[in-house]
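What's in entry.pdb: PDB, C-alpha atoms and all ligand atoms
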```pdb
ATOM      1  CA  MET N1040     -22.401-146.565   6.959  1.00  0.00           C
ATOM      2  CA  VAL N1041     -23.475-148.532  10.022  1.00  0.00           C
ATOM      3  CA  ARG N1042     -27.145-148.429  10.898  1.00  0.00           C
ATOM      4  CA  TYR N1043     -28.458-148.860  14.420  1.00  0.00           C
ATOM      5  CA  TYR N1044     -31.767-150.261  15.525  1.00  0.00           C
ATOM      6  CA  CYS N1045     -33.630-151.140  18.706  1.00  0.00           C
ATOM      7  CA  PRO N1046     -34.300-154.885  18.980  1.00  0.00           C
ATOM      8  CA  TYR N1047     -37.323-154.366  21.259  1.00  0.00           C
ATOM      9  CA  CYS N1048     -39.378-151.708  19.505  1.00  0.00           C
ATOM     10  CA  ASN N1049     -41.296-151.617  16.234  1.00  0.00           C
ATOM     11  CA  PRO N1050     -38.810-150.920  13.432  1.00  0.00           C
ATOM     12  CA  LYS N1051     -41.341-148.668  11.670  1.00  0.00           C
ATOM     13  CA  ASN N1052     -41.397-146.016  14.364  1.00  0.00           C
ATOM     14  CA  GLN N1053     -38.002-145.775  15.958  1.00  0.00           C
ATOM     15  CA  PHE N1054     -35.909-142.730  16.617  1.00  0.00           C
ATOM     16  CA  GLN N1055     -32.446-142.468  17.978  1.00  0.00           C
ATOM     17  CA  LYS N1056     -31.451-140.458  20.988  1.00  0.00           C
ATOM     18  CA  GLN N1057     -28.065-139.770  22.434  1.00  0.00           C
ATOM     19  CA  SER N1058     -27.709-140.668  26.071  1.00  0.00           C
ATOM     20  CA  SER N1059     -25.754-138.661  28.618  1.00  0.00           C
ATOM     21  CA  LYS N1060     -22.864-141.120  28.166  1.00  0.00           C
ATOM     22  CA  GLY N1061     -22.695-140.322  24.463  1.00  0.00           C
ATOM     23  CA  THR N1062     -24.002-143.667  23.206  1.00  0.00           C
ATOM     24  CA  LEU N1063     -27.051-144.012  20.972  1.00  0.00           C
ATOM     25  CA  ILE N1064     -30.194-145.199  22.723  1.00  0.00           C
ATOM     26  CA  CYS N1065     -33.771-145.893  21.655  1.00  0.00           C
ATOM     27  CA  GLY N1066     -36.146-142.923  21.934  1.00  0.00           C
ATOM     28  CA  PHE N1067     -39.012-145.089  23.206  1.00  0.00           C
ATOM     29  CA  CYS N1068     -37.573-147.606  25.656  1.00  0.00           C
ATOM     30  CA  GLY N1069     -34.136-146.189  26.325  1.00  0.00           C
ATOM     31  CA  GLU N1070     -32.304-149.408  25.464  1.00  0.00           C
ATOM     32  CA  ASP N1071     -28.926-149.377  23.793  1.00  0.00           C
ATOM     33  CA  LEU N1072     -29.173-149.609  20.036  1.00  0.00           C
ATOM     34  CA  VAL N1073     -27.721-152.609  18.241  1.00  0.00           C
ATOM     35  CA  LYS N1074     -25.600-152.360  15.114  1.00  0.00           C
ATOM     36  CA  LYS N1075     -27.392-153.578  12.021  1.00  0.00           C
ATOM     37  CA  PRO N1076     -25.118-155.921  10.062  1.00  0.00           C
ATOM     38  CA  PHE N1077     -24.802-155.310   6.314  1.00  0.00           C
ATOM     39  CA  ILE N1078     -25.742-158.899   5.407  1.00  0.00           C
ATOM     40  CA  ARG N1079     -27.511-161.026   7.955  1.00  0.00           C
ATOM     41  CA  LEU N1080     -26.824-164.756   8.322  1.00  0.00           C
ATOM     42  CA  ASN N1081     -30.392-165.755   7.520  1.00  0.00           C
ATOM     43  CA  GLN N1082     -30.177-163.742   4.301  1.00  0.00           C
ATOM     44  CA  ILE N1083     -27.132-165.804   3.276  1.00  0.00           C
ATOM     45  CA  VAL N1084     -28.915-169.058   4.169  1.00  0.00           C
ATOM     46  CA  ALA N1085     -31.985-167.983   2.184  1.00  0.00           C
ATOM     47  CA  LEU N1086     -29.817-167.050  -0.801  1.00  0.00           C
ATOM     48  CA  VAL N1087     -28.063-170.455  -0.754  1.00  0.00           C
ATOM     49  CA  ALA N1088     -31.390-172.288  -0.462  1.00  0.00           C
ATOM     50  CA  ALA N1089     -32.982-170.296  -3.279  1.00  0.00           C
ATOM     51  CA  SER N1090     -29.966-170.728  -5.562  1.00  0.00           C
ATOM     52  CA  SER N1091     -29.828-174.479  -4.903  1.00  0.00           C
ATOM     53  CA  LEU N1092     -33.384-174.697  -6.219  1.00  0.00           C
ATOM     54  CA  LEU N1093     -33.086-172.222  -9.069  1.00  0.00           C
ATOM     55  CA  LEU N1094     -29.607-172.925 -10.476  1.00  0.00           C
ATOM     56  CA  PRO N1095     -30.316-176.521 -11.643  1.00  0.00           C
ATOM     57  CA  LEU N1096     -33.540-175.272 -13.243  1.00  0.00           C
ATOM     58  CA  ILE N1097     -31.725-172.466 -15.068  1.00  0.00           C
ATOM     59  CA  TYR N1098     -28.944-174.842 -16.079  1.00  0.00           C
ATOM     60  CA  THR N1099     -31.488-177.324 -17.479  1.00  0.00           C
ATOM     61  CA  PHE N1100     -33.193-174.590 -19.495  1.00  0.00           C
ATOM     62  CA  ILE N1101     -29.867-173.404 -20.925  1.00  0.00           C
ATOM     63  CA  PHE N1102     -28.936-176.995 -21.789  1.00  0.00           C
ATOM     64  CA  LEU N1103     -32.300-177.596 -23.504  1.00  0.00           C
ATOM     65  CA  ILE N1104     -32.091-174.373 -25.526  1.00  0.00           C
ATOM     66  CA  LYS N1105     -28.504-175.196 -26.545  1.00  0.00           C
ATOM     67  CA  ASN N1106     -29.595-178.637 -27.737  1.00  0.00           C
ATOM     68  CA  GLN N1107     -32.478-177.102 -29.685  1.00  0.00           C
ATOM     69  CA  ILE N1108     -30.179-174.686 -31.528  1.00  0.00           C
ATOM     70  CA  ASN N1109     -27.434-177.197 -32.401  1.00  0.00           C
ATOM     71  CA  PRO N1110     -28.215-180.780 -31.442  1.00  0.00           C
ATOM     72  CA  PRO N1111     -25.171-182.745 -30.281  1.00  0.00           C
ATOM     73  CA  LYS N1112     -23.682-185.209 -32.784  1.00  0.00           C
ATOM     74  CA  LYS N1113     -21.962-187.310 -30.142  1.00  0.00           C
ATOM     75  CA  SER N1114     -25.223-188.886 -28.972  1.00  0.00           C
ATOM     76  CA  TYR N1115     -26.024-190.043 -32.530  1.00  0.00           C
ATOM     77  CA  GLN N1116     -22.559-191.507 -32.901  1.00  0.00           C
ATOM     78  CA  ALA N1117     -22.921-193.285 -29.599  1.00  0.00           C
ATOM     79  CA  LYS N1118     -26.318-194.627 -30.704  1.00  0.00           C
ATOM     80  CA  SER N1119     -24.967-195.893 -34.038  1.00  0.00           C
ATOM     81  CA  THR N1120     -21.949-197.556 -32.426  1.00  0.00           C
ATOM     82  CA  LEU N1121     -24.290-199.205 -29.934  1.00  0.00           C
ATOM     83  CA  ILE N1122     -26.411-200.524 -32.824  1.00  0.00           C
ATOM     84  CA  ILE N1123     -23.245-201.813 -34.542  1.00  0.00           C
ATOM     85  CA  ILE N1124     -22.154-203.587 -31.361  1.00  0.00           C
ATOM     86  CA  ILE N1125     -25.606-205.155 -30.955  1.00  0.00           C
ATOM     87  CA  ARG N1126     -25.612-206.286 -34.624  1.00  0.00           C
ATOM     88  CA  GLU N1127     -22.130-207.810 -34.272  1.00  0.00           C
ATOM     89  CA  THR N1128     -23.079-209.698 -31.133  1.00  0.00           C
ATOM     90  CA  ILE N1129     -26.279-211.047 -32.702  1.00  0.00           C
ATOM     91  CA  SER N1130     -24.651-212.214 -35.973  1.00  0.00           C
TER
HETATM   92 ZN    ZN N1201     -36.670-149.398  21.841  1.00  0.00          ZN
END
```
Written as structure tokens, how would this file's structure read?
Amino acid sequence: MVRYYCPYCNPKNQFQKQSSKGTLICGFCGEDLVKKPFIRLNQIVALVAASSLLLPLIYTFIFLIKNQINPPKKSYQAKSTLIIIIRETIS
């Protein structure tokens, strides 16, 4: 379904009228109505901007919760090997 709107009048009180040519015109000013796109470009830009802020935050929360439930063993191993390397270099 394609919706039409008048770009010049208040969107709250608009009504469509059919002109003598058969095209849809605005009831107030008589201008040709413009097709309303399903998704506007600024909506896409806003979505990308919002997701770029929110997705890292959500990802961090998921990562933190995952680490709380089962802490990774690799980091401990890495720490212990680092200590071993330091000990070997000192002695
Ligand atoms: Zn109008």
When the cut-off is 6 Å and you count all atoms listed in the file, which residues lie near ligand ZN 1201 (chain N), shown as number ranges by chain?
N: 1045, 1047-1048, 1065, 1067-1068, 1070
Any chance you could resolve the PyMOL selection byres (((chain N and resi 1056) around 10) and not hetatm) against this file and give the residues as a list in words?
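For this structure, the PyMOL selection byres (((chain N and resi 1056) around 10) and not hetatm) resolves to Gln1053, Phe1054, Gln1055, Gln1057, Ser1058, Ser1059, Gly1061, Thr1062, Leu1063, Ile1064, Cys1065, Gly1066, Phe1067, Gly1069, Asp1071 and Leu1072 of chain N.
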Give me a file of those residues, with C-alpha atoms, as a PDB file, in the coordinates of the input.
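The result, written out as out_35.pdb:
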```
ATOM      1  CA  GLN N1053     -38.002-145.775  15.958  1.00  0.00           C
ATOM      2  CA  PHE N1054     -35.909-142.730  16.617  1.00  0.00           C
ATOM      3  CA  GLN N1055     -32.446-142.468  17.978  1.00  0.00           C
ATOM      4  CA  GLN N1057     -28.065-139.770  22.434  1.00  0.00           C
ATOM      5  CA  SER N1058     -27.709-140.668  26.071  1.00  0.00           C
ATOM      6  CA  SER N1059     -25.754-138.661  28.618  1.00  0.00           C
ATOM      7  CA  GLY N1061     -22.695-140.322  24.463  1.00  0.00           C
ATOM      8  CA  THR N1062     -24.002-143.667  23.206  1.00  0.00           C
ATOM      9  CA  LEU N1063     -27.051-144.012  20.972  1.00  0.00           C
ATOM     10  CA  ILE N1064     -30.194-145.199  22.723  1.00  0.00           C
ATOM     11  CA  CYS N1065     -33.771-145.893  21.655  1.00  0.00           C
ATOM     12  CA  GLY N1066     -36.146-142.923  21.934  1.00  0.00           C
ATOM     13  CA  PHE N1067     -39.012-145.089  23.206  1.00  0.00           C
ATOM     14  CA  GLY N1069     -34.136-146.189  26.325  1.00  0.00           C
ATOM     15  CA  ASP N1071     -28.926-149.377  23.793  1.00  0.00           C
ATOM     16  CA  LEU N1072     -29.173-149.609  20.036  1.00  0.00           C
TER      17      LEU N1072
END
```
Determine, counting only C-alpha atoms, which protein, DNA and RNA residues have an atom within 9 Å of an atom of Lys1075 (chain N); residues of the same chain fewer than 4 positions away are not included. Present the result as a list in words.
Val1041, Arg1042, Tyr1043, Tyr1044 and Arg1079 of chain N
Between CA of Thr1120 (chain N) and CA of Tyr1098 (chain N), what is the distance, to one decimal in Å?
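Distance between the two atoms: 28.8 Å.
If you look at CA of Ile1078 (chain N) and CA of Ser1090 (chain N), they are 16.7 Å away from each other.
Atom to atom, CA of Leu1092 (chain N) and CA of Asn1106 (chain N) stand 22.2 Å apart.
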For Val1073 (chain N), which residue out of N:Phe1100, N:Pro1046, N:Asn1109, N:Ile1122 is the nearest one, using only C-alpha atoms?
N:Pro1046
